[in-house]
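Colleague: This is start_31.cif, which holds mmCIF, C-alpha atoms and all ligand atoms:
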data_data
#
loop_
_atom_site.label_atom_id
_atom_site.label_comp_id
_atom_site.auth_asym_id
_atom_site.auth_seq_id
_atom_site.Cartn_x
_atom_site.Cartn_y
_atom_site.Cartn_z
CA LEU Q 1 129.15 -3.30 -137.76
CA GLU Q 2 130.84 -6.40 -139.08
CA GLN Q 3 128.75 -9.46 -139.89
CA ASP Q 4 130.36 -11.54 -137.16
CA ASN Q 5 130.25 -8.79 -134.55
CA GLU Q 6 129.67 -10.31 -131.13
CA TYR Q 7 127.03 -7.70 -130.17
CA VAL Q 8 124.91 -8.46 -133.26
CA LEU Q 9 125.16 -12.21 -132.82
CA ILE Q 10 124.44 -12.35 -129.11
CA SER Q 11 120.74 -13.07 -129.58
CA GLU Q 12 121.17 -15.34 -132.60
CA LYS Q 13 121.39 -18.59 -130.64
CA PRO Q 14 118.14 -18.17 -128.66
CA ALA Q 15 116.43 -16.92 -131.86
CA TRP Q 16 117.39 -20.13 -133.66
CA GLN Q 17 116.28 -22.17 -130.66
CA LEU Q 18 112.89 -20.45 -130.74
CA ILE Q 19 112.51 -20.98 -134.50
CA GLU Q 20 113.39 -24.66 -134.08
CA LYS Q 21 110.73 -24.98 -131.38
CA TRP Q 22 108.15 -23.27 -133.59
CA VAL Q 23 108.97 -25.51 -136.53
CA GLN Q 24 108.46 -28.56 -134.36
CA THR Q 25 105.17 -27.32 -132.93
CA ASN Q 26 101.99 -27.65 -134.93
CA PRO Q 27 100.46 -24.18 -135.64
CA LEU Q 28 97.04 -25.46 -134.54
CA GLU Q 29 98.47 -26.40 -131.14
CA ILE Q 30 100.13 -22.98 -130.89
CA LYS Q 31 96.79 -21.31 -131.68
CA ARG Q 32 95.07 -23.43 -129.05
CA LEU Q 33 97.72 -22.54 -126.44
CA PHE Q 34 97.47 -18.82 -127.26
CA MET Q 35 93.67 -18.91 -127.02
CA GLU Q 36 93.84 -20.75 -123.73
CA ALA Q 37 96.47 -18.32 -122.35
CA ALA Q 38 94.31 -15.38 -123.46
CA GLY Q 39 91.39 -16.77 -121.49
CA PHE Q 40 89.21 -17.94 -124.40
CA LYS Q 41 87.27 -21.02 -123.36
CA GLN Q 42 88.10 -24.09 -125.44
CA GLU Q 43 85.20 -26.45 -126.14
CA SER Q 44 86.12 -30.01 -125.16
CA PRO Q 45 85.28 -32.84 -127.57
CA TYR Q 46 82.62 -34.04 -125.10
CA GLU Q 47 80.97 -30.62 -124.96
CA LEU Q 48 80.86 -30.70 -128.77
CA VAL Q 49 79.36 -34.21 -128.70
CA ASP Q 50 76.64 -33.00 -126.29
CA LYS Q 51 75.91 -29.98 -128.47
CA ARG Q 52 75.76 -32.24 -131.52
CA LYS Q 53 73.18 -34.43 -129.77
CA THR Q 54 70.95 -31.41 -129.33
CA VAL Q 55 71.06 -30.42 -133.01
CA THR Q 56 70.90 -33.78 -134.77
CA THR Q 57 69.78 -37.37 -134.25
CA LYS Q 58 71.78 -40.41 -133.18
CA SER Q 59 71.27 -41.94 -136.62
CA LEU Q 60 74.26 -39.81 -137.64
CA GLY Q 61 76.79 -41.94 -135.78
CA LEU Q 62 80.21 -40.77 -134.64
CA SER Q 63 83.38 -42.77 -135.21
CA TYR Q 64 85.75 -43.63 -132.36
CA LYS Q 65 85.07 -44.01 -128.63
CA GLU Q 66 87.22 -40.95 -128.01
CA PRO Q 67 85.83 -38.59 -130.62
CA ILE Q 68 88.33 -36.60 -132.68
CA VAL Q 69 87.66 -32.93 -133.39
CA MET Q 70 88.91 -32.28 -136.91
CA VAL Q 71 89.72 -28.71 -137.85
CA SER Q 72 91.40 -28.91 -141.25
CA SER Q 73 92.84 -31.22 -143.84
CA LEU Q 74 95.25 -31.23 -146.73
CA PHE Q 75 95.96 -33.94 -149.31
CA GLN Q 76 96.19 -37.25 -147.42
CA TYR Q 77 96.32 -35.62 -143.98
CA MET Q 78 93.72 -34.46 -141.47
CA PHE Q 79 94.49 -32.28 -138.45
CA ASN Q 80 92.67 -32.20 -135.14
CA ASP Q 81 92.19 -29.35 -132.68
CA LYS Q 82 95.23 -30.43 -130.69
CA GLY Q 83 97.46 -30.20 -133.73
CA ASN Q 84 97.79 -33.94 -134.27
CA THR Q 85 98.21 -35.12 -137.84
CA TYR Q 86 96.23 -38.13 -139.08
CA LEU Q 87 96.94 -40.07 -142.24
CA ASP Q 88 93.49 -40.46 -143.78
CA ALA Q 89 92.93 -43.98 -145.01
CA TYR Q 90 89.22 -44.08 -144.22
CA ASN Q 91 87.33 -40.81 -144.60
CA ASN Q 92 84.84 -40.65 -147.48
CA ILE Q 93 86.41 -40.95 -150.90
CA PRO Q 94 88.43 -37.74 -151.46
CA HIS Q 95 90.00 -39.11 -154.66
CA VAL Q 96 92.59 -36.37 -155.15
CA GLY Q 97 93.17 -35.71 -151.48
CA HIS Q 98 91.67 -33.15 -149.15
CA CYS Q 99 91.46 -29.49 -150.13
CA HIS Q 100 93.49 -29.96 -153.30
CA PRO Q 101 94.52 -26.41 -154.25
CA LYS Q 102 93.58 -26.84 -157.92
CA ILE Q 103 90.15 -28.27 -157.05
CA SER Q 104 89.46 -25.65 -154.36
CA GLN Q 105 90.46 -22.91 -156.80
CA ALA Q 106 88.27 -24.32 -159.59
CA ILE Q 107 85.26 -24.56 -157.23
CA THR Q 108 85.81 -21.01 -155.97
CA THR Q 109 86.16 -19.58 -159.47
CA GLN Q 110 83.01 -21.33 -160.68
CA ILE Q 111 80.86 -20.51 -157.65
CA ARG Q 112 81.75 -16.82 -157.96
CA ASN Q 113 80.83 -16.83 -161.61
CA LEU Q 114 77.88 -19.10 -162.35
CA ASN Q 115 76.03 -21.69 -160.28
CA THR Q 116 73.01 -23.06 -162.08
CA ASN Q 117 71.45 -26.28 -163.28
CA THR Q 118 71.48 -28.19 -166.53
CA ARG Q 119 68.31 -26.56 -167.85
CA TYR Q 120 70.45 -23.67 -169.07
CA LEU Q 121 73.11 -23.69 -171.72
CA TYR Q 122 76.67 -22.95 -170.70
CA LYS Q 123 79.99 -23.72 -172.25
CA SER Q 124 81.72 -25.24 -169.24
CA PHE Q 125 79.17 -28.08 -169.21
CA THR Q 126 80.00 -29.25 -172.72
CA ASP Q 127 83.74 -28.46 -172.44
CA TYR Q 128 84.08 -30.46 -169.23
CA SER Q 129 81.96 -33.36 -170.54
CA GLU Q 130 84.14 -33.61 -173.64
CA LYS Q 131 87.29 -33.57 -171.55
CA LEU Q 132 85.96 -36.32 -169.29
CA LEU Q 133 84.80 -38.51 -172.15
CA ASN Q 134 88.30 -38.43 -173.64
CA TYR Q 135 89.33 -40.70 -170.78
CA PHE Q 136 86.75 -43.38 -171.61
CA PRO Q 137 86.24 -45.88 -174.41
CA PRO Q 138 84.06 -44.55 -177.26
CA LYS Q 139 81.15 -46.68 -176.10
CA LEU Q 140 80.82 -44.60 -172.93
CA CYS Q 141 79.77 -41.46 -174.75
CA LYS Q 142 77.23 -39.59 -172.57
CA VAL Q 143 77.65 -37.82 -169.24
CA PHE Q 144 75.29 -37.08 -166.36
CA PHE Q 145 76.49 -34.88 -163.51
CA VAL Q 146 75.13 -35.70 -160.06
CA ASN Q 147 75.76 -34.54 -156.51
CA SER Q 148 76.73 -37.73 -154.74
CA GLY Q 149 77.48 -41.42 -154.99
CA SER Q 150 73.96 -42.17 -153.80
CA GLU Q 151 72.46 -40.08 -156.58
CA ALA Q 152 74.74 -41.72 -159.17
CA ASN Q 153 73.75 -45.22 -158.06
CA ASP Q 154 70.08 -44.31 -157.85
CA LEU Q 155 70.18 -42.92 -161.38
CA ALA Q 156 72.16 -45.92 -162.65
CA VAL Q 157 69.46 -48.26 -161.34
CA ARG Q 158 66.68 -46.15 -162.83
CA MET Q 159 68.41 -46.01 -166.20
CA SER Q 160 69.15 -49.71 -166.30
CA ARG Q 161 65.54 -50.47 -165.34
CA ALA Q 162 64.28 -48.15 -168.08
CA PHE Q 163 66.71 -49.65 -170.60
CA THR Q 164 66.08 -53.32 -169.79
CA ASN Q 165 62.43 -52.92 -168.81
CA ARG Q 166 63.22 -55.26 -165.92
CA ASN Q 167 62.90 -54.70 -162.24
CA LYS Q 168 65.12 -57.24 -160.52
CA ILE Q 169 68.49 -56.16 -159.19
CA VAL Q 170 71.35 -58.45 -158.21
CA ILE Q 171 73.45 -57.22 -155.31
CA LEU Q 172 76.26 -58.56 -153.12
CA GLU Q 173 76.06 -59.13 -149.40
CA HIS Q 174 77.70 -56.47 -147.19
CA GLY Q 175 77.60 -53.94 -150.04
CA TYR Q 176 76.93 -50.24 -149.48
CA HIS Q 177 75.64 -48.06 -152.30
CA GLY Q 178 74.29 -44.96 -150.61
CA ASN Q 179 71.49 -43.42 -148.61
CA THR Q 180 68.55 -42.77 -150.94
CA SER Q 181 65.54 -45.07 -150.43
CA LEU Q 182 66.54 -47.09 -153.46
CA CYS Q 183 70.22 -47.29 -152.49
CA VAL Q 184 69.29 -48.52 -149.01
CA LYS Q 185 67.19 -51.26 -150.62
CA ILE Q 186 70.22 -52.48 -152.58
CA SER Q 187 72.70 -52.08 -149.70
CA SER Q 188 72.90 -55.20 -147.56
CA TYR Q 189 75.12 -53.23 -145.18
CA LYS Q 190 72.00 -51.11 -144.52
CA PHE Q 191 68.98 -53.40 -144.85
CA ASP Q 192 70.71 -56.32 -143.06
CA GLY Q 193 72.19 -54.00 -140.44
CA LYS Q 194 70.80 -52.63 -137.18
CA GLY Q 195 67.32 -51.19 -137.73
CA GLY Q 196 67.33 -52.47 -141.34
CA LYS Q 197 64.14 -53.75 -142.94
CA GLY Q 198 65.63 -56.83 -144.64
CA LEU Q 199 65.64 -57.83 -148.29
CA SER Q 200 62.96 -56.19 -150.46
CA GLY Q 201 61.12 -57.79 -153.36
CA ASN Q 202 62.92 -57.69 -156.71
CA ILE Q 203 66.33 -57.68 -155.02
CA ILE Q 204 68.52 -60.78 -155.28
CA LYS Q 205 71.37 -60.99 -152.81
CA LEU Q 206 74.46 -62.98 -153.73
CA PRO Q 207 77.08 -64.10 -151.24
CA LEU Q 208 80.63 -62.87 -151.43
CA PRO Q 209 82.92 -65.58 -152.78
CA LYS Q 210 83.89 -67.71 -149.80
CA LYS Q 211 84.63 -70.91 -151.61
CA GLN Q 212 85.88 -71.52 -155.10
CA ALA Q 213 82.58 -73.15 -156.12
CA ALA Q 214 80.59 -70.15 -154.91
CA SER Q 215 82.83 -67.74 -156.75
CA ILE Q 216 82.54 -69.72 -160.01
CA LYS Q 217 78.74 -69.69 -159.71
CA ARG Q 218 78.81 -65.98 -159.01
CA LEU Q 219 81.12 -65.39 -161.97
CA HIS Q 220 78.59 -67.07 -164.28
CA ILE Q 221 75.81 -64.84 -162.98
CA LEU Q 222 77.98 -61.73 -163.28
CA LYS Q 223 78.99 -62.68 -166.84
CA HIS Q 224 75.31 -62.93 -167.70
CA ILE Q 225 74.63 -59.52 -166.16
CA VAL Q 226 77.58 -57.86 -167.93
CA LYS Q 227 76.44 -59.35 -171.24
CA ASN Q 228 72.98 -57.87 -170.77
CA PHE Q 229 74.37 -54.49 -169.91
CA SER Q 230 76.96 -54.42 -172.67
CA SER Q 231 75.20 -51.68 -174.58
CA PHE Q 232 75.12 -49.38 -171.59
CA LYS Q 233 76.21 -45.95 -172.74
CA PHE Q 234 76.22 -43.59 -169.83
CA LEU Q 235 78.94 -42.24 -167.63
CA LEU Q 236 77.78 -41.08 -164.21
CA VAL Q 237 79.94 -38.50 -162.55
CA ALA Q 238 79.38 -38.01 -158.85
CA LYS Q 239 80.61 -35.06 -156.89
CA CYS Q 240 82.68 -36.41 -154.06
CA VAL Q 241 82.83 -34.46 -150.87
C1 LIG A 301 80.95 -47.72 -152.02
C2 LIG A 301 80.08 -46.53 -151.82
N1 LIG A 301 79.05 -46.34 -152.66
C3 LIG A 301 78.24 -45.27 -152.50
C4 LIG A 301 78.43 -44.35 -151.48
C5 LIG A 301 77.49 -43.19 -151.33
O1 LIG A 301 78.09 -42.00 -151.69
P1 LIG A 301 77.55 -40.61 -151.13
O2 LIG A 301 77.86 -40.56 -149.67
O3 LIG A 301 78.32 -39.59 -151.94
O4 LIG A 301 76.08 -40.52 -151.41
C6 LIG A 301 79.51 -44.52 -150.60
C7 LIG A 301 79.73 -43.57 -149.50
O5 LIG A 301 80.30 -43.88 -148.50
C8 LIG A 301 80.35 -45.64 -150.76
O6 LIG A 301 81.36 -45.87 -149.92
#
What's the structure tokens form of this structure?
Ligand SMILES: Cc1ncc(COP(=O)(O)O)c(C=O)c1O
Modeller:
Amino acid sequence: LEQDNEYVLISEKPAWQLIEKWVQTNPLEIKRLFMEAAGFKQESPYELVDKRKTVTTKSLGLSYKEPIVMVSSLFQYMFNDKGNTYLDAYNNIPHVGHCHPKISQAITTQIRNLNTNTRYLYKSFTDYSEKLLNYFPPKLCKVFFVNSGSEANDLAVRMSRAFTNRNKIVILEHGYHGNTSLCVKISSYKFDGKGGKGLSGNIIKLPLPKKQAASIKRLHILKHIVKNFSSFKFLLVAKCV
């Protein structure tokens, strides 16, 4: 048959139309429609909210009045169960984007090979530390690996207290530094918020600069703090999830 034979080409037009429709339809929505058509019960967001209430406490708050059920994400995008795409400008700190293929691959390779703590010797620890330190000025010459921002901030406070032999900590109003006991004590967002226990001893809360005078005063205090911490030598690396 010739390439432009009418018999061969008769179904080409509807085929292209179908492909065009598929391209325009999110695969997650197609999956949902197939599941629905095949009689599989789809859990509504509200059913999921109710189930969530039975397995955890209300202290883990949900964002949005109409809760969004997220099913996957990639780079700067997140996708919900209905196949909608969201540009993520808010979700917690995924510096290189969601599910970055290089990061996912590196995590998979490592977890299948060796997953242990820093009490043992292994080459990747020193290799990675050296690589990281190359990005920092020579003064920042030691690395600690931690699991979260909270752990990094907690450790930073402990180290600075050990180094300075002082206990007082200066913080800014509205700040959030994490969810360990210590981080909550230095997070005005937490201790001044609903259910918060207020300012603890040894914590000094400064206002955010609202007027020029206030910001100049704050700058003086910050300059003093930076001067005192100028021989700080540690780089804290937090795993961001
Ligand atoms: C500014 C800031 N500091 C610290 C943290 C705590 O980090 P993590 O949730 O990894 O403990 C967060 C998390 O939202 C944060 O936004």
Colleague: Pick out the residues no farther than 10 Å from ligand LIG 301 (chain A), counting only C-alpha atoms and all ligand atoms, and list them as a VMD selection string.
Modeller: chain Q and resid 90 to 93 146 to 154 175 to 180 183 187 238 to 241
Colleague: Using only C-alpha atoms, determine which residues lie at most 8 Å from segment 78-89 of chain Q, disregarding the query and same-chain residues fewer than 4 positions distant; provide the list as an NGL selection string.
Modeller: :Q and (26-29 or 32 or 68-74)
Colleague: Please identify all polymer residues within 12 Å of Val157 of chain Q, counting all atoms listed in the file, omitting same-chain residues fewer than 6 positions from it, and present them as a list of chain:residue names.
Modeller: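 Those residues are Q:Ser150, Q:Glu151, Q:Phe163, Q:Thr164, Q:Asn165, Q:Arg166, Q:Asn167, Q:Lys168, Q:Ile169, Q:Val170, Q:Ile171, Q:His177, Q:Thr180, Q:Leu182, Q:Cys183, Q:Lys185, Q:Ile186, Q:Ile203, Q:Phe229, Q:Phe232, Q:Phe234, Q:Leu236.
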Colleague: So the first atom is atom CA of Leu208 of chain Q and the second is atom CA of His174 of chain Q; what is the distance between them in Å, to one decimal place?
Modeller: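 Interatomic distance here is 8.2 Å.
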